[in-house]
>>> print(open('target.cif').read())   # mmCIF, C-alpha atoms
data_data
#
loop_
_atom_site.group_PDB
_atom_site.id
_atom_site.type_symbol
_atom_site.label_atom_id
_atom_site.label_comp_id
_atom_site.auth_asym_id
_atom_site.auth_seq_id
_atom_site.Cartn_x
_atom_site.Cartn_y
_atom_site.Cartn_z
ATOM 1 C CA MET A 307 252.751 -27.194 144.204
ATOM 2 C CA ASN A 308 255.015 -25.451 141.741
ATOM 3 C CA ILE A 309 258.596 -26.460 142.419
ATOM 4 C CA LYS A 310 260.099 -24.760 139.362
ATOM 5 C CA ASN A 311 259.204 -21.322 140.712
ATOM 6 C CA GLY A 312 258.972 -22.447 144.313
ATOM 7 C CA THR A 313 259.572 -20.696 147.554
ATOM 8 C CA ASN A 314 262.942 -20.477 149.241
ATOM 9 C CA GLU A 315 261.879 -23.406 151.431
ATOM 10 C CA ILE A 316 261.249 -25.583 148.363
ATOM 11 C CA LYS A 317 264.550 -24.548 146.803
ATOM 12 C CA GLU A 318 266.417 -25.313 150.033
ATOM 13 C CA ILE A 319 264.833 -28.775 150.268
ATOM 14 C CA MET A 320 265.813 -29.504 146.683
ATOM 15 C CA ASN A 321 269.359 -28.205 147.207
ATOM 16 C CA ARG A 322 269.838 -30.597 150.153
ATOM 17 C CA SER A 323 269.397 -33.482 147.698
ATOM 18 C CA GLY A 324 272.756 -32.710 146.115
ATOM 19 C CA ASP A 325 271.152 -32.954 142.664
ATOM 20 C CA THR A 326 268.290 -30.511 142.178
ATOM 21 C CA GLU A 327 267.575 -31.649 138.613
ATOM 22 C CA CYS A 328 267.202 -35.261 139.699
ATOM 23 C CA CYS A 329 265.089 -34.211 142.675
ATOM 24 C CA GLU A 330 262.810 -32.243 140.373
ATOM 25 C CA ARG A 331 262.448 -35.218 137.989
ATOM 26 C CA VAL A 332 261.618 -37.598 140.828
ATOM 27 C CA PHE A 333 259.075 -35.165 142.277
ATOM 28 C CA GLU A 334 257.454 -34.789 138.843
ATOM 29 C CA LEU A 335 257.312 -38.590 138.531
ATOM 30 C CA SER A 336 255.601 -38.760 141.922
ATOM 31 C CA GLN A 337 253.004 -36.243 140.777
ATOM 32 C CA ILE A 338 252.307 -38.200 137.564
ATOM 33 C CA LEU A 339 251.927 -41.457 139.480
ATOM 34 C CA CYS A 340 249.666 -39.843 142.079
ATOM 35 C CA LEU A 341 247.478 -38.343 139.386
ATOM 36 C CA ALA A 342 247.175 -41.722 137.654
ATOM 37 C CA GLU A 343 246.075 -43.329 140.939
ATOM 38 C CA ASN A 344 243.818 -40.423 142.030
ATOM 39 C CA VAL A 345 245.998 -39.729 145.062
ATOM 40 C CA LEU A 346 245.411 -36.101 145.969
ATOM 41 C CA MET A 347 247.874 -34.377 148.274
ATOM 42 C CA THR A 348 247.635 -31.080 150.055
ATOM 43 C CA ASP A 349 250.488 -28.590 149.676
ATOM 44 C CA VAL A 350 251.763 -29.606 153.121
ATOM 45 C CA GLN A 351 251.735 -33.293 152.121
ATOM 46 C CA GLN A 352 253.545 -32.469 148.881
ATOM 47 C CA LEU A 353 256.182 -30.519 150.807
ATOM 48 C CA ALA A 354 256.716 -33.481 153.153
ATOM 49 C CA LEU A 355 256.959 -35.779 150.121
ATOM 50 C CA LEU A 356 259.463 -33.450 148.455
ATOM 51 C CA SER A 357 261.585 -33.485 151.603
ATOM 52 C CA HIS A 358 261.557 -37.295 151.644
ATOM 53 C CA LEU A 359 262.367 -37.478 147.920
ATOM 54 C CA SER A 360 265.225 -35.033 148.410
ATOM 55 C CA ALA A 361 266.670 -37.309 151.096
ATOM 56 C CA MET A 362 266.258 -40.319 148.795
ATOM 57 C CA VAL A 363 268.101 -38.535 145.978
ATOM 58 C CA TYR A 364 270.853 -37.691 148.454
ATOM 59 C CA ARG A 365 271.119 -41.312 149.650
ATOM 60 C CA SER A 366 271.094 -42.514 146.051
ATOM 61 C CA GLY A 367 274.027 -40.258 145.236
ATOM 62 C CA THR A 368 276.077 -40.972 148.337
ATOM 63 C CA GLY A 369 275.260 -44.656 148.805
ATOM 64 C CA GLU A 370 274.112 -43.973 152.372
ATOM 65 C CA LYS A 371 271.912 -46.800 153.668
ATOM 66 C CA LEU A 372 268.851 -46.703 155.877
ATOM 67 C CA VAL A 373 268.729 -48.450 159.201
ATOM 68 C CA PRO A 374 266.824 -51.705 158.490
ATOM 69 C CA ILE A 375 263.119 -51.514 159.268
ATOM 70 C CA ASP A 376 260.568 -54.075 160.370
ATOM 71 C CA ARG A 377 258.458 -54.556 157.252
ATOM 72 C CA GLU A 378 255.685 -56.139 159.333
ATOM 73 C CA LEU A 379 254.865 -52.623 160.519
ATOM 74 C CA PHE A 380 253.715 -51.891 156.961
ATOM 75 C CA SER A 381 251.477 -54.946 156.527
ATOM 76 C CA GLU A 382 248.343 -52.821 156.217
ATOM 77 C CA MET A 383 249.778 -50.552 153.529
ATOM 78 C CA SER A 384 247.713 -50.668 150.349
ATOM 79 C CA ARG A 385 249.125 -52.295 147.251
ATOM 80 C CA GLY A 386 248.617 -49.054 145.306
ATOM 81 C CA SER A 387 250.684 -46.985 147.732
ATOM 82 C CA LEU A 388 253.461 -49.571 147.675
ATOM 83 C CA GLU A 389 253.422 -49.690 143.864
ATOM 84 C CA ILE A 390 253.732 -45.899 143.544
ATOM 85 C CA ALA A 391 256.608 -45.931 146.025
ATOM 86 C CA LYS A 392 258.349 -48.820 144.239
ATOM 87 C CA LYS A 393 258.202 -47.047 140.865
ATOM 88 C CA ILE A 394 259.760 -43.960 142.407
ATOM 89 C CA LYS A 395 262.417 -45.945 144.286
ATOM 90 C CA ASP A 396 263.272 -47.882 141.110
ATOM 91 C CA SER A 397 263.865 -44.602 139.265
ATOM 92 C CA LEU A 398 266.913 -43.996 141.493
ATOM 93 C CA PRO A 399 270.007 -46.218 141.758
ATOM 94 C CA ASN A 400 271.632 -47.535 144.936
ATOM 95 C CA LEU A 401 268.587 -47.525 147.222
ATOM 96 C CA ASP A 402 267.479 -50.230 149.655
ATOM 97 C CA GLU A 403 264.098 -51.886 149.211
ATOM 98 C CA ASP A 404 263.112 -50.494 152.635
ATOM 99 C CA GLU A 405 262.802 -47.087 150.950
ATOM 100 C CA VAL A 406 259.579 -48.338 149.332
ATOM 101 C CA TYR A 407 257.907 -48.924 152.672
ATOM 102 C CA LEU A 408 258.857 -45.582 154.164
ATOM 103 C CA LEU A 409 257.888 -43.682 151.015
ATOM 104 C CA SER A 410 254.542 -45.460 150.715
ATOM 105 C CA ILE A 411 253.362 -43.775 153.921
ATOM 106 C CA HIS A 412 253.026 -40.459 152.058
ATOM 107 C CA PHE A 413 250.648 -41.946 149.506
ATOM 108 C CA GLU A 414 248.664 -43.974 152.012
ATOM 109 C CA VAL A 415 248.029 -40.953 154.241
ATOM 110 C CA ALA A 416 246.974 -38.867 151.239
ATOM 111 C CA LYS A 417 244.565 -41.620 150.130
ATOM 112 C CA GLN A 418 243.046 -41.906 153.585
ATOM 113 C CA ASN A 419 242.663 -38.145 153.916
ATOM 114 C CA SER A 420 241.018 -37.973 150.476
ATOM 115 C CA VAL A 421 238.462 -40.593 151.514
ATOM 116 C CA LYS A 422 237.698 -38.722 154.738
ATOM 117 C CA THR A 423 237.059 -35.433 152.921
ATOM 118 C CA GLU A 424 234.729 -37.163 150.429
ATOM 119 C CA GLU A 425 232.542 -38.599 153.202
#
>>> encode(input="target.cif", output="structure tokens")
Amino acid sequence: MNIKNGTNEIKEIMNRSGDTECCERVFELSQILCLAENVLMTDVQQLALLSHLSAMVYRSGTGEKLVPIDRELFSEMSRGSLEIAKKIKDSLPNLDEDEVYLLSIHFEVAKQNSVKTEE
């Protein structure tokens, strides 16, 4: 997905972040990390990820906190998905650790879908 010359929808998602340059950098980081881990996302999955990253950039800038989550719900999340999410979360200041768990869902779903299409 090309976000530099993206659609109006992509531009709107990035604008909601409050910092389009930061949002673009974080999205690019996510793509590099996914490539390194062979996590392949469809355009729809990338758009959902971009929307989540935009919200994270916004929360990072405003200091808004997430409602605490039950981390036990994420006990079956793969280590790789959690590591990708942690690297992205750590690239932004002022975010709760719970962000890692919510973000990791994007990578886990993409991994599982990749396995299903290979079978």
>>> atom_distance(input="target.cif", atom1="CA of Pro374 (chain A)", atom2="CA of Leu356 (chain A)")
22.1 Å
>>> atom_distance(input="target.cif", atom1="CA of Cys340 (chain A)", atom2="CA of Ile319 (chain A)")
20.5 Å
>>> residues_around(input="target.cif", residues="Glu370 (chain A)", least_positions_apart="5", cutoff="9 Å", atoms="all atoms listed in the file", output="list of chain:residue names")
A:Tyr364, A:Arg365, A:Asn400, A:Leu401
>>> residues_around(input="target.cif", residues="Lys417 (chain A)", least_positions_apart="6", cutoff="12 Å", atoms="all atoms listed in the file", output="ChimeraX atom specification")
/A:340-341,343-348,351,383-387,410-411,423-424
>>> write_last_selection(input="target.cif", atoms="C-alpha atoms", output="short mmCIF file (atom, residue, chain, number, x, y, z; two decimals), keeping the file's coordinate frame")
data_model
loop_
_atom_site.label_atom_id
_atom_site.label_comp_id
_atom_site.auth_asym_id
_atom_site.auth_seq_id
_atom_site.Cartn_x
_atom_site.Cartn_y
_atom_site.Cartn_z
CA CYS A 340 249.67 -39.84 142.08
CA LEU A 341 247.48 -38.34 139.39
CA GLU A 343 246.08 -43.33 140.94
CA ASN A 344 243.82 -40.42 142.03
CA VAL A 345 246.00 -39.73 145.06
CA LEU A 346 245.41 -36.10 145.97
CA MET A 347 247.87 -34.38 148.27
CA THR A 348 247.64 -31.08 150.06
CA GLN A 351 251.74 -33.29 152.12
CA MET A 383 249.78 -50.55 153.53
CA SER A 384 247.71 -50.67 150.35
CA ARG A 385 249.12 -52.30 147.25
CA GLY A 386 248.62 -49.05 145.31
CA SER A 387 250.68 -46.98 147.73
CA SER A 410 254.54 -45.46 150.72
CA ILE A 411 253.36 -43.78 153.92
CA THR A 423 237.06 -35.43 152.92
CA GLU A 424 234.73 -37.16 150.43
#
>>> atom_distance(input="target.cif", atom1="CA of Met320 (chain A)", atom2="CA of Val332 (chain A)")
10.8 Å
>>> residues_near_point(input="target.cif", point="(258.3, -46.9, 144.0)", cutoff="9 Å", atoms="all atoms listed in the file", output="list of chain:residue names")
A:Ser336, A:Ser387, A:Leu388, A:Glu389, A:Ile390, A:Ala391, A:Lys392, A:Lys393, A:Ile394, A:Lys395, A:Asp396, A:Ser397, A:Glu405, A:Val406, A:Tyr407, A:Leu409, A:Ser410
>>> residues_around(input="target.cif", residues="Leu353 (chain A)", least_positions_apart="3", cutoff="12 Å", atoms="all atoms listed in the file", output="list in words")
Met307, Asn308, Ile309, Gly312, Thr313, Glu315, Ile316, Lys317, Glu318, Ile319, Met320, Phe333, Gln337, Met347, Thr348, Asp349, Val350, Leu356, Ser357, His358, Leu359, Ser360 and His412 of chain A
>>> write_last_selection(input="target.cif", atoms="C-alpha atoms", output="PDB file, in the coordinates of the input")
ATOM      1  CA  MET A 307     252.751 -27.194 144.204  1.00  0.00           C
ATOM      2  CA  ASN A 308     255.015 -25.451 141.741  1.00  0.00           C
ATOM      3  CA  ILE A 309     258.596 -26.460 142.419  1.00  0.00           C
ATOM      4  CA  GLY A 312     258.972 -22.447 144.313  1.00  0.00           C
ATOM      5  CA  THR A 313     259.572 -20.696 147.554  1.00  0.00           C
ATOM      6  CA  GLU A 315     261.879 -23.406 151.431  1.00  0.00           C
ATOM      7  CA  ILE A 316     261.249 -25.583 148.363  1.00  0.00           C
ATOM      8  CA  LYS A 317     264.550 -24.548 146.803  1.00  0.00           C
ATOM      9  CA  GLU A 318     266.417 -25.313 150.033  1.00  0.00           C
ATOM     10  CA  ILE A 319     264.833 -28.775 150.268  1.00  0.00           C
ATOM     11  CA  MET A 320     265.813 -29.504 146.683  1.00  0.00           C
ATOM     12  CA  PHE A 333     259.075 -35.165 142.277  1.00  0.00           C
ATOM     13  CA  GLN A 337     253.004 -36.243 140.777  1.00  0.00           C
ATOM     14  CA  MET A 347     247.874 -34.377 148.274  1.00  0.00           C
ATOM     15  CA  THR A 348     247.635 -31.080 150.055  1.00  0.00           C
ATOM     16  CA  ASP A 349     250.488 -28.590 149.676  1.00  0.00           C
ATOM     17  CA  VAL A 350     251.763 -29.606 153.121  1.00  0.00           C
ATOM     18  CA  LEU A 356     259.463 -33.450 148.455  1.00  0.00           C
ATOM     19  CA  SER A 357     261.585 -33.485 151.603  1.00  0.00           C
ATOM     20  CA  HIS A 358     261.557 -37.295 151.644  1.00  0.00           C
ATOM     21  CA  LEU A 359     262.367 -37.478 147.920  1.00  0.00           C
ATOM     22  CA  SER A 360     265.225 -35.033 148.410  1.00  0.00           C
ATOM     23  CA  HIS A 412     253.026 -40.459 152.058  1.00  0.00           C
TER      24      HIS A 412
END
>>> closest_residue(input="target.cif", among="A:Met362, A:Leu335, A:Pro399, A:Gln352", to="Ser323 (chain A)", atoms="only C-alpha atoms")
A:Met362
>>> axis_aligned_box(input="target.cif", around="region 360-379 of chain A", padding_each_side="3 Å", output="JSON")
{"center_x": 265.5, "center_y": -45.6, "center_z": 152.9, "size_x": 27.2, "size_y": 27.1, "size_z": 21.3}
